[in-house]
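Okay, input_29.cif is below, mmCIF, C-alpha atoms:
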data_entry
loop_
_atom_site.label_atom_id
_atom_site.label_comp_id
_atom_site.auth_asym_id
_atom_site.auth_seq_id
_atom_site.Cartn_x
_atom_site.Cartn_y
_atom_site.Cartn_z
CA MET R 113 -160.93 94.03 -28.41
CA VAL R 114 -157.90 94.94 -26.29
CA ASN R 115 -155.56 92.04 -25.51
CA ASN R 116 -154.56 92.52 -21.85
CA SER R 117 -151.69 90.07 -21.76
CA THR R 118 -147.93 90.04 -22.10
CA SER R 119 -146.13 87.21 -23.80
CA GLN R 120 -142.83 85.58 -22.92
CA GLN R 121 -140.92 82.40 -23.66
CA ILE R 122 -139.86 79.98 -20.95
CA THR R 123 -137.77 76.83 -21.14
CA GLY R 124 -138.04 74.02 -18.65
CA TYR R 125 -138.56 70.38 -17.86
CA VAL R 126 -142.02 68.85 -17.86
CA ARG R 127 -142.69 66.51 -14.95
CA ASN R 128 -145.60 64.56 -13.48
CA ILE R 129 -146.33 65.00 -9.79
CA SER R 130 -147.71 62.89 -6.97
CA PHE R 131 -149.00 63.91 -3.55
CA ASN R 132 -149.23 60.28 -2.45
CA LYS R 133 -145.89 58.71 -3.22
CA GLN R 134 -146.29 55.89 -0.69
CA LYS R 135 -149.22 54.45 -2.61
CA HIS R 136 -147.72 55.31 -6.02
CA ARG R 137 -150.65 57.48 -7.03
CA PRO R 138 -149.82 60.09 -9.69
CA PHE R 139 -151.75 63.34 -9.79
CA LEU R 140 -153.51 63.15 -13.15
CA GLY R 141 -154.69 66.01 -15.28
CA TRP R 142 -151.91 68.45 -14.35
CA TYR R 143 -148.19 68.59 -15.02
CA LEU R 144 -145.40 70.68 -13.59
CA ILE R 145 -142.91 72.75 -15.53
CA VAL R 146 -139.64 73.47 -13.73
CA THR R 147 -137.78 76.18 -15.61
CA GLU R 148 -134.01 76.51 -15.79
CA ALA R 149 -134.32 79.49 -13.44
CA GLY R 150 -136.09 77.26 -10.89
CA GLU R 151 -139.58 78.71 -11.40
CA GLU R 152 -142.48 76.28 -11.24
CA TYR R 153 -145.70 76.30 -13.25
CA LEU R 154 -148.68 73.98 -13.04
CA VAL R 155 -150.38 73.32 -16.37
CA ARG R 156 -153.94 72.03 -16.61
CA ARG R 157 -154.07 69.24 -19.16
CA ASP R 158 -156.78 66.60 -19.05
CA LEU R 159 -156.26 65.36 -22.58
CA SER R 160 -153.92 62.39 -23.05
CA ILE R 161 -153.60 62.54 -26.83
CA THR R 162 -151.20 64.86 -28.61
CA SER R 163 -152.57 68.38 -28.88
CA ASN R 164 -151.15 71.84 -28.72
CA TRP R 165 -153.19 74.88 -27.84
CA TYR R 166 -153.17 77.43 -25.04
CA ARG R 167 -153.86 75.86 -21.65
CA GLN R 168 -154.45 77.37 -18.24
CA VAL R 169 -151.28 77.81 -16.21
CA TYR R 170 -150.94 78.42 -12.47
CA GLN R 171 -147.99 79.14 -10.22
CA PRO R 172 -147.79 77.34 -6.87
CA THR R 173 -146.79 79.45 -3.88
CA ILE R 174 -144.76 76.53 -2.50
CA SER R 175 -142.14 74.43 -4.23
CA LEU R 176 -143.41 71.13 -5.63
CA VAL R 177 -139.99 69.73 -6.54
CA ASP R 178 -140.26 67.13 -3.74
CA TYR R 179 -143.46 65.80 -5.31
CA ILE R 180 -142.04 65.21 -8.77
CA ILE R 181 -142.15 61.63 -10.03
CA SER R 182 -138.55 60.85 -10.91
CA ASP R 183 -137.47 58.74 -13.88
CA ASP R 184 -136.60 55.82 -11.57
CA GLU R 185 -140.01 55.91 -9.90
CA TYR R 186 -141.89 56.41 -13.14
CA HIS R 187 -142.74 52.78 -13.96
CA GLN R 188 -144.05 52.15 -10.46
CA PHE R 189 -146.56 54.95 -10.95
CA PHE R 190 -147.69 54.21 -14.49
CA LYS R 191 -147.60 50.45 -14.75
CA ASN R 192 -150.18 48.96 -17.10
CA ASP R 193 -152.44 46.85 -14.99
CA PHE R 194 -156.02 46.04 -15.81
CA ARG R 195 -157.49 46.43 -12.36
CA GLY R 196 -159.33 49.55 -13.53
CA LEU R 197 -160.83 47.68 -16.48
CA GLY R 198 -162.10 44.87 -14.23
CA PHE R 199 -163.50 47.43 -11.82
CA GLY R 200 -165.17 49.22 -14.75
CA MET R 201 -166.87 46.02 -15.90
CA ILE R 202 -168.21 45.29 -12.42
CA LEU R 203 -169.29 48.92 -11.99
CA ALA R 204 -170.98 48.88 -15.43
CA ALA R 205 -172.96 45.75 -14.55
CA ALA R 206 -173.89 47.19 -11.15
CA MET R 207 -175.02 50.50 -12.65
CA ARG R 208 -176.97 48.65 -15.34
CA SER R 209 -178.95 46.84 -12.68
CA VAL R 210 -179.57 50.08 -10.69
CA PHE R 211 -180.34 52.52 -13.51
CA PRO R 212 -182.80 51.75 -16.32
CA LEU R 213 -181.12 51.38 -19.72
CA ASN R 214 -182.74 54.47 -21.16
CA PHE R 215 -181.13 56.57 -18.40
CA TRP R 216 -177.88 56.42 -20.42
CA PHE R 217 -179.02 55.77 -23.96
CA GLY R 218 -182.57 56.93 -24.40
CA ARG R 219 -185.01 54.52 -26.00
CA ILE R 220 -183.59 51.24 -27.31
CA ASN R 221 -183.42 51.42 -31.06
CA ARG R 222 -184.65 47.97 -32.00
CA GLN R 223 -186.23 49.15 -35.29
CA PHE R 224 -182.94 50.83 -36.29
CA ASP R 225 -184.42 54.28 -36.77
CA ILE R 226 -181.65 56.68 -37.88
CA ASP R 227 -183.05 59.69 -35.98
CA GLN R 228 -183.37 57.67 -32.82
CA GLY R 229 -179.86 56.29 -33.33
CA LEU R 230 -178.35 59.75 -33.81
CA ALA R 231 -180.21 61.05 -30.78
CA ASN R 232 -178.86 58.14 -28.74
CA ILE R 233 -175.28 58.79 -29.87
CA LEU R 234 -175.60 62.52 -29.10
CA TYR R 235 -176.98 61.59 -25.71
CA VAL R 236 -173.94 59.43 -24.92
CA MET R 237 -171.63 62.20 -26.15
CA ALA R 238 -173.42 64.71 -23.91
CA VAL R 239 -173.06 62.38 -20.91
CA PHE R 240 -169.39 61.95 -21.78
CA LEU R 241 -168.78 65.71 -22.02
CA ILE R 242 -170.47 66.26 -18.66
CA VAL R 243 -168.36 63.47 -17.10
CA VAL R 244 -165.18 65.03 -18.50
CA GLN R 245 -166.10 68.54 -17.31
CA VAL R 246 -166.94 67.32 -13.81
CA MET R 247 -163.77 65.24 -13.69
CA SER R 248 -161.64 68.23 -14.73
CA LEU R 249 -163.25 70.37 -12.04
CA VAL R 250 -162.74 67.67 -9.39
CA ARG R 251 -159.07 67.37 -10.36
CA LYS R 252 -158.61 71.12 -10.03
CA ARG R 253 -160.28 71.22 -6.61
CA LYS R 254 -158.23 68.23 -5.48
CA LEU R 255 -155.05 70.01 -6.51
CA ALA R 256 -156.05 73.20 -4.70
CA ALA R 257 -156.92 71.16 -1.58
CA SER R 258 -153.60 69.26 -1.72
CA LEU R 259 -151.68 72.53 -1.98
CA LYS R 260 -153.66 74.04 0.86
CA LYS R 261 -152.89 71.01 3.01
CA LEU R 262 -149.21 71.63 2.36
CA GLY R 263 -149.61 75.27 3.36
CA GLY R 264 -149.60 76.67 -0.16
CA ASP R 265 -151.89 77.95 -2.85
CA MET R 266 -151.92 78.38 -6.60
CA ILE R 267 -152.25 81.60 -8.53
CA CYS R 268 -153.57 81.81 -12.07
CA VAL R 269 -150.80 83.22 -14.28
CA GLY R 270 -152.41 83.07 -17.70
CA LYS R 271 -152.11 80.65 -20.57
CA ILE R 272 -149.32 78.52 -21.95
CA LYS R 273 -148.57 76.66 -25.15
CA ALA R 274 -145.63 74.42 -26.06
CA LYS R 275 -143.31 75.62 -28.81
CA SER R 276 -141.40 72.35 -28.98
CA PRO R 277 -142.77 68.81 -28.52
CA LEU R 278 -143.02 67.37 -25.01
CA LYS R 279 -141.68 64.08 -26.27
CA VAL R 280 -140.18 62.64 -29.45
CA LEU R 281 -141.03 58.99 -29.96
CA LYS R 282 -138.54 56.41 -31.26
CA ASN R 283 -140.11 56.50 -34.73
CA GLY R 284 -139.63 60.29 -34.82
CA ALA R 285 -143.27 61.15 -34.18
CA GLU R 286 -143.75 64.13 -31.91
CA PHE R 287 -146.00 64.21 -28.86
CA TRP R 288 -147.24 67.74 -28.09
CA MET M 46 -150.49 71.16 -41.11
CA LYS M 47 -148.94 67.67 -41.21
CA VAL M 48 -149.72 67.20 -37.52
CA MET M 49 -153.30 68.34 -38.07
CA ILE M 50 -153.75 65.79 -40.89
CA LYS M 51 -152.36 63.08 -38.62
CA ILE M 52 -154.72 64.04 -35.79
CA PHE M 53 -157.66 64.15 -38.21
CA GLY M 54 -156.72 60.72 -39.57
CA PHE M 55 -156.41 59.32 -36.09
CA LEU M 56 -159.79 60.74 -35.05
CA LEU M 57 -161.38 59.37 -38.22
CA LEU M 58 -160.00 55.90 -37.51
CA LEU M 59 -161.19 56.15 -33.94
CA LEU M 60 -164.64 57.22 -35.08
CA MET M 61 -164.74 54.24 -37.42
CA PHE M 62 -164.00 52.07 -34.41
CA ILE M 63 -166.35 53.78 -31.96
CA LEU M 64 -169.40 54.19 -34.16
CA PRO M 65 -169.94 50.46 -34.76
CA VAL M 66 -169.50 49.88 -31.02
CA LEU M 67 -172.13 52.52 -30.32
CA ALA M 68 -174.37 51.09 -33.04
CA ILE M 69 -174.17 47.64 -31.44
CA THR M 70 -174.69 49.22 -28.05
CA TYR M 71 -177.94 50.92 -28.85
CA VAL M 72 -179.35 48.01 -30.78
CA VAL M 73 -178.17 45.16 -28.57
CA THR M 74 -178.73 45.59 -24.86
CA PHE M 75 -175.55 43.92 -23.70
CA ARG M 76 -175.30 45.16 -20.15
CA ALA M 77 -171.56 45.87 -19.79
CA PHE M 78 -171.63 47.98 -22.97
CA VAL M 79 -173.80 50.61 -21.37
CA VAL M 80 -171.02 52.33 -19.44
CA PHE M 81 -168.23 51.00 -21.63
CA PRO M 82 -168.20 53.69 -24.36
CA VAL M 83 -167.76 56.41 -21.74
CA SER M 84 -165.01 54.42 -19.97
CA ILE M 85 -163.18 53.71 -23.24
CA LEU M 86 -163.36 57.36 -24.33
CA TYR M 87 -162.12 58.46 -20.92
CA TYR M 88 -159.25 55.98 -20.91
CA LEU M 89 -158.17 56.91 -24.44
CA PHE M 90 -158.43 60.66 -24.20
CA PHE M 91 -158.75 62.01 -20.70
CA ARG M 92 -156.43 60.15 -18.36
CA GLY M 93 -154.33 63.29 -18.28
CA VAL M 94 -151.01 61.47 -18.47
CA VAL M 95 -148.23 63.23 -20.31
CA GLN M 96 -145.34 60.76 -19.84
CA PRO M 97 -142.65 63.37 -20.52
CA GLU M 98 -139.02 62.61 -21.07
CA LYS M 99 -136.16 64.52 -19.53
CA ARG M 100 -135.59 67.16 -22.15
CA LEU M 101 -135.92 70.90 -22.23
CA VAL M 102 -139.18 72.15 -23.68
CA THR M 103 -139.86 75.70 -24.80
CA PHE M 104 -143.22 77.28 -23.96
CA GLN M 105 -145.00 80.45 -24.97
CA LEU M 106 -146.43 81.97 -21.81
CA LYS M 107 -149.18 84.57 -22.02
CA ILE M 108 -149.32 86.35 -18.69
CA LYS M 109 -152.64 88.04 -17.97
CA ASP M 110 -152.35 91.57 -16.59
#
Could you render the structure as structure tokens?
Amino acid sequence: MVNNSTSQQITGYVRNISFNKQKHRPFLGWYLIVTEAGEEYLVRRDLSITSNWYRQVYQPTISLVDYIISDDEYHQFFKNDFRGLGFGMILAAAMRSVFPLNFWFGRINRQFDIDQGLANILYVMAVFLIVVQVMSLVRKRKLAASLKKLGGDMICVGKIKAKSPLKVLKNGAEFW
Amino acid sequence: MKVMIKIFGFLLLLLMFILPVLAITYVVTFRAFVVFPVSILYYLFFRGVVQPEKRLVTFQLKIKD
């Protein structure tokens, strides 16, 4: 197989972005790299836990520096409130009353049958994977729409992988 | 390698936490639990928040031709 790609190293700052700064809404699932030369790259990253493999990278045709969440603004955007959790509980109860239980979990395993249990777990995992895939796609489309609204676009550049950690925690643990 | 072991350990711990929750969920029909596993997994893994700090990071960029 012929590898049709060229490799290069870039160094820059990793920043989160927001297209709705008035309402303190961060744009999740993507981060911006601003290199020392002033080039900007958008990296697709839906995963929150530490991980390091090649991810899709795009280049915006317009500058997104004005949409970066600065260090001072950071806590306003990522404060830990539990409104989402409360909303989730209400939504869960509402969905439970609309959809039959086996819509999510298959048959209820009252006899504790291992096969049935495994099938139920796999079913939940499948639902979860579909949710994640759809969510990732929605985030990408939302980003493209936001850029278009600003008169820009994004071009797929290739793939990117960190060679140094994005963050080093106080206890010395590295976040990739 | 060390990082991989840490990730594996973390995932194992998480699995030990999630599996009993799922077990309870499919045996007991507690209504809020139905959507909860998906919400918890999403919140833990897929919020897509990086929380970077202001430091230079080196990347390997593979440009497709």
*asked:* Applying 8 Å and all atoms listed in the file, which residues near Val269 (chain R) remain after dropping the ones on its own chain fewer than 2 positions away? List them as an NGL selection string.
replied: (:R and (168-171 or 267 or 271)) or (:M and (108-109))
*CA of Phe55 (chain M) to CA of Ile161 (chain R), distance in Å rounded to a single decimal*: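 So the answer is 10.2 Å.
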Using 3 Å of padding on each side, determine the axis-aligned box around all atoms of region 144-154 of chain R present in the file and give its centre and edge lengths in Å to one decimal, as AutoDock Vina command-line options.
--center_x -141.3 --center_y 75.1 --center_z -13.3 --size_x 20.7 --size_y 14.8 --size_z 10.9
Report as a Markdown table the residues of chain R within 7 Å of chain M, each with its shortest atom pair and distance in Å (one decimal), using all atoms listed in the file, ordered by chain and increasing residue number.
| residue | atom | partner | partner_atom | distance |
| --- | --- | --- | --- | --- |
| R:Asn116 | CA | M:Asp110 | CA | 5.8 |
| R:Ser117 | CA | M:Lys109 | CA | 4.4 |
| R:Thr118 | CA | M:Ile108 | CA | 5.2 |
| R:Ser119 | CA | M:Lys107 | CA | 4.4 |
| R:Gln120 | CA | M:Leu106 | CA | 5.2 |
| R:Gln121 | CA | M:Gln105 | CA | 4.7 |
| R:Ile122 | CA | M:Phe104 | CA | 5.3 |
| R:Thr123 | CA | M:Thr103 | CA | 4.4 |
| R:Gly124 | CA | M:Leu101 | CA | 5.2 |
| R:Tyr125 | CA | M:Leu101 | CA | 5.1 |
| R:Val126 | CA | M:Pro97 | CA | 6.1 |
| R:Arg127 | CA | M:Pro97 | CA | 6.4 |
| R:Leu140 | CA | M:Gly93 | CA | 5.2 |
| R:Gly141 | CA | M:Gly93 | CA | 4.1 |
| R:Trp142 | CA | M:Gly93 | CA | 6.9 |
| R:Arg157 | CA | M:Gly93 | CA | 6.0 |
| R:Asp158 | CA | M:Gly93 | CA | 4.2 |
| R:Leu159 | CA | M:Phe91 | CA | 4.6 |
| R:Ser160 | CA | M:Gly93 | CA | 4.9 |
| R:Ile161 | CA | M:Phe90 | CA | 5.8 |
| R:Met201 | CA | M:Ala77 | CA | 6.1 |
| R:Ala204 | CA | M:Val80 | CA | 5.3 |
| R:Ala205 | CA | M:Ala77 | CA | 5.4 |
| R:Arg208 | CA | M:Arg76 | CA | 6.2 |
| R:Phe217 | CA | M:Tyr71 | CA | 7.0 |
| R:Ile220 | CA | M:Tyr71 | CA | 5.9 |
| R:Asn221 | CA | M:Val72 | CA | 5.3 |
| R:Arg222 | CA | M:Val72 | CA | 5.4 |
| R:Phe240 | CA | M:Val83 | CA | 5.8 |
| R:Val269 | CA | M:Ile108 | CA | 5.6 |
| R:Gly270 | CA | M:Ile108 | CA | 4.6 |
| R:Lys271 | CA | M:Lys107 | CA | 5.1 |
| R:Ile272 | CA | M:Leu106 | CA | 4.5 |
| R:Lys273 | CA | M:Gln105 | CA | 5.2 |
| R:Ala274 | CA | M:Phe104 | CA | 4.3 |
| R:Lys275 | CA | M:Phe104 | CA | 5.1 |
| R:Ser276 | CA | M:Thr103 | CA | 5.6 |
| R:Pro277 | CA | M:Val102 | CA | 6.9 |
| R:Leu278 | CA | M:Pro97 | CA | 6.0 |
| R:Lys279 | CA | M:Pro97 | CA | 5.9 |
*Which residues, written as JSON, numbers by chain, have at least one atom at most 10 Å from Lys133 (chain R), with all atoms listed in the file counted and residues fewer than 2 positions away on the same chain left out?*
{"R": [129, 130, 131, 135, 136, 137, 138, 139, 179, 180, 181, 185, 188, 189]}
_Between CA of Glu286 (chain R) and CA of Thr162 (chain R), distance in Å (one decimal)_ =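 Computing it gives 8.2 Å between the two atoms.
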*asked:* If I take CA of Pro172 (chain R) and CA of Leu262 (chain R), how far is one from the other in Å, to one decimal?
replied: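 Atom-to-atom, CA of Pro172 (chain R) to CA of Leu262 (chain R), that is 10.9 Å.
This file, queried with the PyMOL selection byres ((chain R and resi 173) around 9), gives the residues Gln171, Pro172, Ile174, Ser175, Leu259, Gly263, Gly264, Asp265, Met266 and Ile267 of chain R.
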